[in-house]
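Input: a single structure, listed below in structure tokens.
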Amino acid sequence: MKHRIVVLGAGYAGAFAAGNLARRLSPADTEITVVNAAPDFVERMRLHQLAIGQDLAFRKLADVFAGTGVRLRLARVTGVDPERRTVAVTGEDGDGELAYDTLLYALGSSVAHHGVPGVAEYAFDVTGRSSALRLRERLAGLGEGGTVLVVGEGLTGIETATEFAESRPDLSVALAARGELGAWLSPKARRHLRQAFDRLGVTVHEHTAIEAVEPTRAIAADGRSIPADVTVWSAGFAVHPIAAASGLEVAETGQIVVDRTMRSVSHPDVYAAGDAVYAIGDNGRPLPMSCASAGYTNMQAFGAIIARLTGGEVPTVGMKYVGNHISLGRRDAIFQAVDGEARSKSWYLGGWAATRFKAGILKGSALSIAHPTFGMPKRKRRLATAPDRAGVRVAA
């Protein structure tokens with residue numbers, strides 16, 4: 001009986017991990033299945049571009065995994081039973097159940113409403129392809145002078161506001177920030193950011209917490225009414241409640257609590273990566289939900305899985321941030337270097353050079369997903385374990 005590896009989610013973390021598992025493990029011993037609700041790989045970091053009307057090419061997951069031996073199941077995950085080692089799914093083929101010996105949970109995250117009235121009913125977001133397309137349709141219907149309010153001063157909010165303002169100068173774009181815009185940046189980078197907002201005509205409402213969203217406006221905590229034909233909510237992310245409901249140990253955020261190897265502290269046959277994992281970085285702090293975190297955690301997870309199954313030494317992947325990339329439209333960007341405590345250094349890269357740097361990051365991420373078995377070794381690793389009669393893996 002082959003060792004059954006099931007990967008939940010085919011975003012940056014899940015797709016890359018599945019490809020590397022297939023690249024390094026022998027198909028004679030392993031069976032790898034990826035479960036994903038959508039048939040395409042979605043470059044989440046570029047969904048604000050899709051929303052404003054730019055055309056993006058989406059790769060079919062069937063093409064991504066063609067020839068790798070990875071089985072693709074297009075279905076939505078509805079539950080995980082770590083005691084029985086099964087995953088419940090529903091899709092075009094109906095409801096079903098997948099059994100696993102090793103599970104890699106990489107279902108990612110969605111927009112966090114924070115319980116703010118009106119967000120679910122009236123606001124838009126760019127956390128998924130379907131929601132970005134819904135926003136795209138709404139923006140396409142806005143005429144000259146239409147008002148757009150982006151709520152949230154994080155990376156997603158900044159990139160969304162500047163992209164929209166650059167692509168649609170006929171719109172009035174504003175951003176609501178709970179604190180000071182770019183407060184976490186170095187002084188020079190903060191000045192660059194403000195100059196970009198001024199150049200693009202983005203209005204900034206600093207120290208403005210939004211407490212309600214209505215069809216044509218947002219209400220601030222101080223009672224102010226901010227006009228908004230379209231409100232784009234980018235005030236944080238939330239993970240799906242499936243992990244918490246499954247009985248896996250989770251943090252207050254609902255993320256799966258893991259050890260240094262991305263292995264669940266409550267169920268050792270479950271690993272987690274990406275936004276769904278509560279992992280501690282090299283600075284002793286929880287990793288933020290980000291593409292960089294997805295890269296660190298998925299490499300650690302699949303490296304640990306391979307090592308443990310083949311009897312090798314479990315690698316230690318560094319989890320230290322070196323900086324943050326922020327797109328400011330298509331012709332400007334910022335790369336802010338950070339220290340070991342994730343605090344901004346005085347040095348930053350801005351302008352065209354930072355734009356090309358960010359473009360290279362995006363292209364590299366996409367290519368690594370599109371070619372998961374590039375450089376595949378001629379000899380793949382055989383498992384050092386075998387199933388006993390009860391289906392439990394034991395030393396061979």
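Residue numbering restarts at 1 in every chain; chains get A, B, ... in the order shown in the structure tokens, and ligands count up from 1 in that same order.
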Using only C-alpha atoms, find each residue of range 267-292 of chain A with at least one atom at most 12 Å away from an atom of range 14-20 of chain A; report its shortest atom-to-atom pair and that distance in Å (one decimal), sort the rows by chain and rising residue number, and return the result as a Markdown table.
| residue | atom | partner | partner_atom | distance |
| --- | --- | --- | --- | --- |
| A:Tyr271 | CA | A:Gly14 | CA | 11.2 |
| A:Ala272 | CA | A:Gly14 | CA | 9.3 |
| A:Ala273 | CA | A:Gly14 | CA | 7.5 |
| A:Gly274 | CA | A:Gly14 | CA | 7.9 |
| A:Asp275 | CA | A:Gly14 | CA | 10.7 |
| A:Ala276 | CA | A:Gly14 | CA | 10.9 |
| A:Cys291 | CA | A:Gly14 | CA | 11.9 |
* **Within 9 Å of His240 in chain A using only C-alpha atoms, minus same-chain residues under 4 positions, as a list in words** =>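 Listed by chain and then number, they are Leu107, Gly108, Ser109, Ser110, Ala244, Gly254, Gln255 and Ala276 of chain A.
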How about saving the chosen residues, N, CA and C atoms kept, as a PDB file, in the first residue's frame?
ATOM      1  N   LEU A 107      -4.853  25.715   3.143  1.00  0.00           N
ATOM      2  CA  LEU A 107      -6.078  26.299   2.598  1.00  0.00           C
ATOM      3  C   LEU A 107      -6.080  27.820   2.570  1.00  0.00           C
ATOM      4  N   GLY A 108      -5.052  28.448   3.114  1.00  0.00           N
ATOM      5  CA  GLY A 108      -4.929  29.892   2.978  1.00  0.00           C
ATOM      6  C   GLY A 108      -5.885  30.677   3.850  1.00  0.00           C
ATOM      7  N   SER A 109      -6.268  31.854   3.362  1.00  0.00           N
ATOM      8  CA  SER A 109      -7.097  32.761   4.150  1.00  0.00           C
ATOM      9  C   SER A 109      -8.047  33.533   3.251  1.00  0.00           C
ATOM     10  N   SER A 110      -8.964  34.238   3.877  1.00  0.00           N
ATOM     11  CA  SER A 110      -9.889  35.109   3.162  1.00  0.00           C
ATOM     12  C   SER A 110      -9.954  36.438   3.904  1.00  0.00           C
ATOM     13  N   ALA A 244     -10.071  24.647  13.107  1.00  0.00           N
ATOM     14  CA  ALA A 244     -10.524  24.693  14.494  1.00  0.00           C
ATOM     15  C   ALA A 244     -11.620  23.672  14.752  1.00  0.00           C
ATOM     16  N   GLY A 254      -7.224  30.928  14.811  1.00  0.00           N
ATOM     17  CA  GLY A 254      -7.748  29.795  14.059  1.00  0.00           C
ATOM     18  C   GLY A 254      -6.679  29.081  13.251  1.00  0.00           C
ATOM     19  N   GLN A 255      -5.440  29.589  13.288  1.00  0.00           N
ATOM     20  CA  GLN A 255      -4.342  28.954  12.570  1.00  0.00           C
ATOM     21  C   GLN A 255      -3.853  27.712  13.322  1.00  0.00           C
ATOM     22  N   ALA A 276      -2.492  29.486   6.815  1.00  0.00           N
ATOM     23  CA  ALA A 276      -3.218  28.641   7.767  1.00  0.00           C
ATOM     24  C   ALA A 276      -2.379  28.196   8.954  1.00  0.00           C
TER      25      ALA A 276
END
* Asked: Looking at only C-alpha atoms, which of A:Arg73, A:Lys60, A:His114, A:Arg4 is the one that sits closest to Ala37 in chain A?
  ->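 Result for the nearest residue to Ala37 in chain A: A:Arg73.
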Show me a table, sorted first by chain and then by increasing residue number, of the residues of range 46-104 of chain A having an atom at most 12 Å from range 326-343 of chain A, each with its shortest atom pair and the distance in Å to one decimal, counting only C-alpha atoms and written as JSON lines.
{"residue": "A:Arg46", "atom": "CA", "partner": "A:Ser327", "partner_atom": "CA", "distance": 9.9}
{"residue": "A:His48", "atom": "CA", "partner": "A:Gly329", "partner_atom": "CA", "distance": 10.0}
{"residue": "A:Gln49", "atom": "CA", "partner": "A:Gly329", "partner_atom": "CA", "distance": 8.9}
{"residue": "A:Ile52", "atom": "CA", "partner": "A:Gly329", "partner_atom": "CA", "distance": 11.1}
{"residue": "A:Gln54", "atom": "CA", "partner": "A:Arg330", "partner_atom": "CA", "distance": 11.0}
* Apply DSSP to the backbone of this structure and, from range 220-320 of chain A, keep only the residues in strand (DSSP E or B); write these as a VMD selection string. => chain A and resid 220 225 to 227 230 to 233 237 to 239 250 256 to 258 263 to 264 270 to 272 277 to 278 280 286
* Check the DSSP output for the backbone and give back, as a ChimeraX atom specification, the residues of range 254-337 of chain A in helix (DSSP H, G or I). => /A:274-276,291-310
Closest contacts (range 81-127 of chain A/range 152-173 of chain A, max 12 Å, only C-alpha atoms) as a Markdown table:
| residue | atom | partner | partner_atom | distance |
| --- | --- | --- | --- | --- |
| A:Val111 | CA | A:Thr156 | CA | 11.0 |
| A:Ala112 | CA | A:Gly152 | CA | 11.2 |
| A:His113 | CA | A:Gly152 | CA | 11.6 |
| A:Phe124 | CA | A:Thr160 | CA | 11.8 |
| A:Asp125 | CA | A:Thr160 | CA | 9.7 |
| A:Val126 | CA | A:Thr156 | CA | 8.4 |
| A:Thr127 | CA | A:Thr156 | CA | 9.1 |
* **Separation of CA of Phe302 in chain A from CA of Leu21 in chain A, in Å and rounded to one decimal** =>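 Taking CA of Phe302 in chain A as the start and CA of Leu21 in chain A as the end point, the length is 6.4 Å.
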